[in-house]
Amino acid sequence: MRFDIHYRETWLHRINPSLKLIVMTVLFVAVLFIHNPNVLINLTLGFLLLLFVFAGYPLKYVLLFLLPFLFIFVSTAASMILFGNGQTTWFQWGLIHITEESFFRGLHLGFRALIFALLGLLFSLTTRPVYLFYSLMQQLKLKPKYAYSFLAGIRLIPIMLEEFQTVQNALKVRGAAENSNVFHKIKRYAIPLLSQSIRRAQRIAIAMEAKRFSKAEGRTFYYELGFSKYDILFASYVVVISLLAYYVSTVYSYIPIADVR
Amino acid sequence: MPNNKGLKLADVLTTVVISIVFGIVYKLWGPFYYFVKPFGLHMDQLIYGMWFIAATVAYLIIRKPGVALLAETAAASGEFIMGSEWGLEVLIYGFVQGLFAELVFAAFRYKRFDVFVVSLAAAASTIGSLIMDFYKGYIEELAVWNLTLFIGARFIGAIVIAGIFAHSLVKALEATGVTQMVRPASKEDYDALDR
């Protein structure tokens, strides 16, 4: 996402976007198979370091971005802590049953959600969508019709938000009742927004097809993206942090549990 | 035309644009979801189905193979690019949910567009999301009554929102005439020419 915030361009911004996406997807899947909360805590620290030191954003903004993640942490952890299975009961009141096992499992889930959120934030703060789609076309051979459609679609977001405001104002002017149910309300907004968007998409598509944006063979690109030393740096950072996270967890553990299942 | 098979740029762009509308909805749905969450007892799962709606709506509008998967992935990307609280997770969930919906439409050979098939696709997306939750959230470790409530609420919500509501939404959209622009010509259209 393009924030109107001044940021420093760091080496994280210069990584090949396709590589960044692949590494992060691999990390995502790998994290699903980690059942030791200590490893997850170490990994979280490793990515927090990346975010605070190398993302190139002022500290106060990074803290602001992290705020909703705290909420995710708590809400993800809460239902497992309160309603999870376990043997060692700590607290029981009506349906709520907190056990040692469910408590640590809940924390583990919280950290897991935090890592996913951190990875996503790191990616969107340091990747320009234009470069991402150009790189997907060049490195991963994504068909141009998909890449350019996404790029055109992203450019339409501000227009859609403006249109949303227009519909909102129009409804207000006409005194549309606010007490209707939520489905009715969604429809009121969705029908004009969708129909206008479809019409606009058709017009743009005709123009784009006429200009051969859908042509796949022999295409040249305005932005040529390749690999650099920063890619090696990033890949090594991830490998080192992962190994370190495992190693540290065997030497020192914050939580006396090695598998939360 | 050599490019008659598969999706054309116009189809892809229309799907992506529809999906971005839903991407915005998905993004706004996040805060609503945690607003409902503290009520407890998995009330939040009843509204989870909104995150499956792009696949079914886009399929009903464009009626071509591949649209459901593309739409759900694109909506998730839109949500991701706008800075989702769940980060990378939404992309993978979106892909899996879209894939499961697509499989249902493929099973009916992309020939049926009624409430039943759409509801079935919504239920399939639910299964997709539950598989992801199984790996990510250890949901099987919840107490049995709690897990049943969780799964039940999500299925009901999905069918109501991404099934029945999506169908009625597209019915309303058909009245505006825009769907005529994007759908492939049907047999009835050719018959109309012969009359």
# chains A, B, ... in the order shown; residues from 1 in each chain; ligands from 1
$ residues_around --residues "Ile127 of chain B" --least-positions-apart "2" --cutoff "10 Å" --atoms "only C-alpha atoms" --output "list of chain:residue names"
B:Val96, B:Gln97, B:Phe100, B:Ala101, B:Ala121, B:Ala122, B:Ala123, B:Ala124, B:Ser125, B:Ser129, B:Leu130, B:Ile131, B:Met132, B:Asp133, B:Ile151, B:Arg154, B:Phe155
$ residues_around --residues "segment 103-109 of chain B" --least-positions-apart "6" --cutoff "10 Å" --atoms "only C-alpha atoms" --output "PDB file with C-alpha atoms, in the first residue's frame"
ATOM      1  CA  THR B  56     -19.906 -16.690  -5.739  1.00  0.00           C
ATOM      2  CA  TYR B  59     -19.141 -16.470 -10.822  1.00  0.00           C
ATOM      3  CA  ARG B  63     -20.455 -17.390 -15.504  1.00  0.00           C
ATOM      4  CA  LYS B  64     -17.133 -18.674 -16.827  1.00  0.00           C
ATOM      5  CA  PRO B  65     -14.651 -21.288 -15.575  1.00  0.00           C
ATOM      6  CA  GLY B  66     -11.872 -19.972 -13.378  1.00  0.00           C
ATOM      7  CA  VAL B  67     -13.726 -16.847 -12.340  1.00  0.00           C
ATOM      8  CA  ALA B  68     -14.515 -17.996  -8.792  1.00  0.00           C
ATOM      9  CA  LEU B  69     -10.895 -18.836  -7.993  1.00  0.00           C
ATOM     10  CA  VAL B 117     -25.167 -24.541  -6.354  1.00  0.00           C
ATOM     11  CA  VAL B 118     -24.058 -21.196  -4.979  1.00  0.00           C
ATOM     12  CA  SER B 119     -24.888 -22.277  -1.433  1.00  0.00           C
ATOM     13  CA  LEU B 120     -22.978 -25.473  -2.014  1.00  0.00           C
ATOM     14  CA  ALA B 121     -19.990 -23.423  -3.191  1.00  0.00           C
ATOM     15  CA  ALA B 122     -20.274 -21.284  -0.062  1.00  0.00           C
ATOM     16  CA  ALA B 123     -20.272 -24.447   2.047  1.00  0.00           C
ATOM     17  CA  ALA B 124     -17.223 -25.702   0.120  1.00  0.00           C
ATOM     18  CA  SER B 125     -15.395 -22.437   0.826  1.00  0.00           C
TER      19      SER B 125
END
$ closest_residue --among "B:Leu173, B:Trp145, B:Glu102, B:Ala153" --to "chain A" --atoms "only C-alpha atoms"
B:Leu173
$ closest_atom_pairs --of "chain A" --to "chain B" --cutoff "6 Å" --atoms "only C-alpha atoms" --output "tab-separated table"
residue	atom	partner	partner_atom	distance
A:Met1	CA	B:Ile81	CA	5.3
A:Leu32	CA	B:Lys136	CA	5.7
A:Phe83	CA	B:Leu142	CA	5.9
A:Gly84	CA	B:Leu142	CA	4.2
A:Asn85	CA	B:Ala143	CA	5.4
A:Phe116	CA	B:Gly87	CA	5.7
A:Ala117	CA	B:Gly87	CA	4.3
A:Gly120	CA	B:Gly87	CA	3.9
A:Lys145	CA	B:Leu9	CA	5.3
A:Ser149	CA	B:Leu13	CA	4.7
A:Gly153	CA	B:Val17	CA	5.4
A:Ile191	CA	B:Leu173	CA	6.0
A:Ile198	CA	B:Thr14	CA	5.8
A:Ala201	CA	B:Thr14	CA	5.2
A:Ala205	CA	B:Ala10	CA	4.8
$ write_last_selection --atoms "N, CA, C and O atoms" --output "compact mmCIF listing (two decimals), in the first residue's frame"
# COMPACT_ATOMS: atom_id res chain seq x y z
N MET A 1 0.84 -1.20 0.00
CA MET A 1 0.00 0.00 0.00
C MET A 1 0.87 1.24 0.00
O MET A 1 1.90 1.30 0.63
N LEU A 32 3.18 -22.81 10.16
CA LEU A 32 2.04 -23.68 10.48
C LEU A 32 2.50 -24.99 11.12
O LEU A 32 1.75 -25.63 11.82
N PHE A 83 -11.74 -21.56 26.03
CA PHE A 83 -12.57 -22.73 25.73
C PHE A 83 -11.78 -23.96 25.28
O PHE A 83 -12.36 -24.92 24.84
N GLY A 84 -10.44 -23.90 25.35
CA GLY A 84 -9.66 -25.02 24.85
C GLY A 84 -9.65 -26.22 25.81
O GLY A 84 -9.96 -26.09 26.99
N ASN A 85 -9.27 -27.36 25.25
CA ASN A 85 -9.15 -28.57 26.08
C ASN A 85 -7.83 -28.56 26.84
O ASN A 85 -6.85 -28.00 26.39
N PHE A 116 2.27 -13.79 11.15
CA PHE A 116 1.63 -13.61 9.84
C PHE A 116 1.40 -12.14 9.57
O PHE A 116 1.61 -11.64 8.46
N ALA A 117 0.94 -11.44 10.61
CA ALA A 117 0.65 -10.01 10.45
C ALA A 117 1.93 -9.24 10.17
O ALA A 117 1.97 -8.37 9.31
N GLY A 120 3.08 -9.83 6.62
CA GLY A 120 2.23 -9.08 5.70
C GLY A 120 2.56 -7.60 5.73
O GLY A 120 2.66 -6.95 4.69
N LYS A 145 -2.28 -10.43 -19.06
CA LYS A 145 -3.69 -10.02 -18.89
C LYS A 145 -4.07 -10.00 -17.41
O LYS A 145 -4.85 -9.15 -16.99
N SER A 149 -4.50 -6.39 -15.42
CA SER A 149 -5.84 -6.22 -14.85
C SER A 149 -5.74 -5.83 -13.37
O SER A 149 -6.47 -4.96 -12.90
N GLY A 153 -6.93 -2.46 -11.77
CA GLY A 153 -7.88 -2.56 -10.65
C GLY A 153 -7.43 -1.75 -9.45
O GLY A 153 -8.21 -1.05 -8.81
N ILE A 191 -25.08 -2.45 -5.26
CA ILE A 191 -25.64 -2.46 -6.63
C ILE A 191 -25.06 -1.31 -7.47
O ILE A 191 -24.48 -1.56 -8.53
N ILE A 198 -18.50 -2.52 -13.19
CA ILE A 198 -18.50 -3.45 -14.33
C ILE A 198 -18.48 -2.66 -15.64
O ILE A 198 -17.72 -2.97 -16.55
N ALA A 201 -15.04 -1.29 -16.07
CA ALA A 201 -14.09 -2.35 -16.40
C ALA A 201 -14.21 -2.73 -17.86
O ALA A 201 -13.20 -2.95 -18.54
N ALA A 205 -11.23 -2.39 -20.47
CA ALA A 205 -10.75 -3.63 -21.08
C ALA A 205 -10.68 -3.49 -22.60
O ALA A 205 -9.73 -3.96 -23.23
$ closest_residue --among "A:Gly86, A:Gly56, A:Lys185, A:Phe111" --to "Phe71 of chain A" --atoms "only C-alpha atoms"
A:Phe111
$ select_by_dssp --residues "segment 87-161 of chain B" --states "helix (DSSP H, G or I)" --output "ChimeraX atom specification"
/B:89-107,115-137,139-141,144-161
$ write_last_selection --atoms "C-alpha atoms" --output "compact mmCIF listing (two decimals), in the first residue's frame"
# COMPACT_ATOMS: atom_id res chain seq x y z
CA GLU B 89 -2.78 -15.15 5.90
CA VAL B 90 -5.63 -13.64 3.85
CA LEU B 91 -3.89 -14.40 0.55
CA ILE B 92 -3.54 -18.09 1.28
CA TYR B 93 -7.03 -18.36 2.80
CA GLY B 94 -8.47 -16.53 -0.19
CA PHE B 95 -6.80 -18.89 -2.62
CA VAL B 96 -8.01 -22.01 -0.79
CA GLN B 97 -11.57 -20.72 -0.37
CA GLY B 98 -11.73 -19.74 -4.04
CA LEU B 99 -10.38 -23.10 -5.09
CA PHE B 100 -13.03 -25.00 -3.13
CA ALA B 101 -15.84 -22.85 -4.55
CA GLU B 102 -14.42 -23.33 -8.04
CA LEU B 103 -14.42 -27.12 -7.58
CA VAL B 104 -18.15 -27.07 -6.84
CA PHE B 105 -18.91 -25.01 -9.95
CA ALA B 106 -16.68 -27.32 -11.99
CA ALA B 107 -18.53 -30.35 -10.59
CA VAL B 115 -29.20 -20.74 -5.19
CA PHE B 116 -28.47 -24.40 -4.48
CA VAL B 117 -25.17 -24.54 -6.35
CA VAL B 118 -24.06 -21.20 -4.98
CA SER B 119 -24.89 -22.28 -1.43
CA LEU B 120 -22.98 -25.47 -2.01
CA ALA B 121 -19.99 -23.42 -3.19
CA ALA B 122 -20.27 -21.28 -0.06
CA ALA B 123 -20.27 -24.45 2.05
CA ALA B 124 -17.22 -25.70 0.12
CA SER B 125 -15.39 -22.44 0.83
CA THR B 126 -16.25 -22.97 4.48
CA ILE B 127 -14.64 -26.39 4.36
CA GLY B 128 -11.57 -24.81 2.75
CA SER B 129 -11.32 -22.21 5.50
CA LEU B 130 -11.84 -24.86 8.19
CA ILE B 131 -8.99 -26.95 6.78
CA MET B 132 -6.76 -23.88 7.05
CA ASP B 133 -8.01 -23.22 10.59
CA PHE B 134 -7.32 -26.82 11.49
CA TYR B 135 -3.63 -26.29 10.68
CA LYS B 136 -3.40 -22.73 11.88
CA GLY B 137 -5.69 -22.54 14.85
CA ILE B 139 -9.47 -25.76 16.34
CA GLU B 140 -9.77 -29.46 17.04
CA GLU B 141 -8.44 -28.69 20.52
CA VAL B 144 -16.47 -30.33 21.69
CA TRP B 145 -19.57 -28.17 22.34
CA ASN B 146 -17.53 -25.12 21.46
CA LEU B 147 -16.12 -26.59 18.25
CA THR B 148 -19.58 -27.70 17.10
CA LEU B 149 -20.93 -24.23 17.69
CA PHE B 150 -17.95 -22.75 15.84
CA ILE B 151 -18.31 -24.94 12.74
CA GLY B 152 -22.11 -24.78 12.71
CA ALA B 153 -22.15 -20.99 12.95
CA ARG B 154 -19.64 -20.66 10.16
CA PHE B 155 -21.57 -22.96 7.80
CA ILE B 156 -24.86 -21.19 8.48
CA GLY B 157 -23.31 -17.76 8.03
CA ALA B 158 -21.58 -18.80 4.81
CA ILE B 159 -24.72 -20.24 3.23
CA VAL B 160 -26.83 -17.23 4.20
CA ILE B 161 -24.30 -14.61 3.12
$ residues_around --residues "Ala147 of chain A" --least-positions-apart "4" --cutoff "7 Å" --atoms "only C-alpha atoms" --output "PyMOL selection string"
chain A and resi 133+137+142-143+151
$ write_last_selection --atoms "N, CA, C and O atoms" --output "tab-separated table (two decimals), in the first residue's frame"
chain	number	residue	atom	x	y	z
A	133	PHE	N	3.83	-6.61	-9.63
A	133	PHE	CA	3.21	-7.25	-10.80
A	133	PHE	C	4.15	-7.32	-12.00
A	133	PHE	O	4.10	-8.30	-12.75
A	137	MET	N	5.30	-10.91	-13.69
A	137	MET	CA	5.27	-11.20	-15.13
A	137	MET	C	6.63	-11.68	-15.62
A	137	MET	O	6.71	-12.57	-16.44
A	142	LEU	N	3.73	-14.75	-14.94
A	142	LEU	CA	2.29	-14.50	-14.83
A	142	LEU	C	1.84	-13.86	-16.14
A	142	LEU	O	2.52	-13.00	-16.69
A	143	LYS	N	0.67	-14.31	-16.66
A	143	LYS	CA	0.22	-13.78	-17.94
A	143	LYS	C	-0.09	-12.29	-17.82
A	143	LYS	O	-0.71	-11.87	-16.85
A	151	LEU	N	-3.21	-4.35	-11.93
A	151	LEU	CA	-2.68	-2.98	-11.83
A	151	LEU	C	-3.76	-1.95	-12.12
A	151	LEU	O	-3.88	-0.95	-11.42
$ residues_around --residues "Pro144 of chain A" --least-positions-apart "5" --cutoff "8 Å" --atoms "only C-alpha atoms" --output "JSON, numbers by chain"
{"A": [137, 213, 214, 215, 216]}
$ closest_residue --among "B:Ala54, B:Gln180, B:Phe113, B:Leu60" --to "Ala162 of chain B" --atoms "only C-alpha atoms"
B:Ala54
$ residues_around --residues "Leu63 of chain A" --least-positions-apart "4" --cutoff "12 Å" --atoms "only C-alpha atoms" --output "PyMOL selection string"
chain A and resi 48+51-52+57-59+67-70+118+121
$ atom_distance --atom1 "atom CA of Pro158 of chain A" --atom2 "atom CA of Val182 of chain A"
24.4 Å
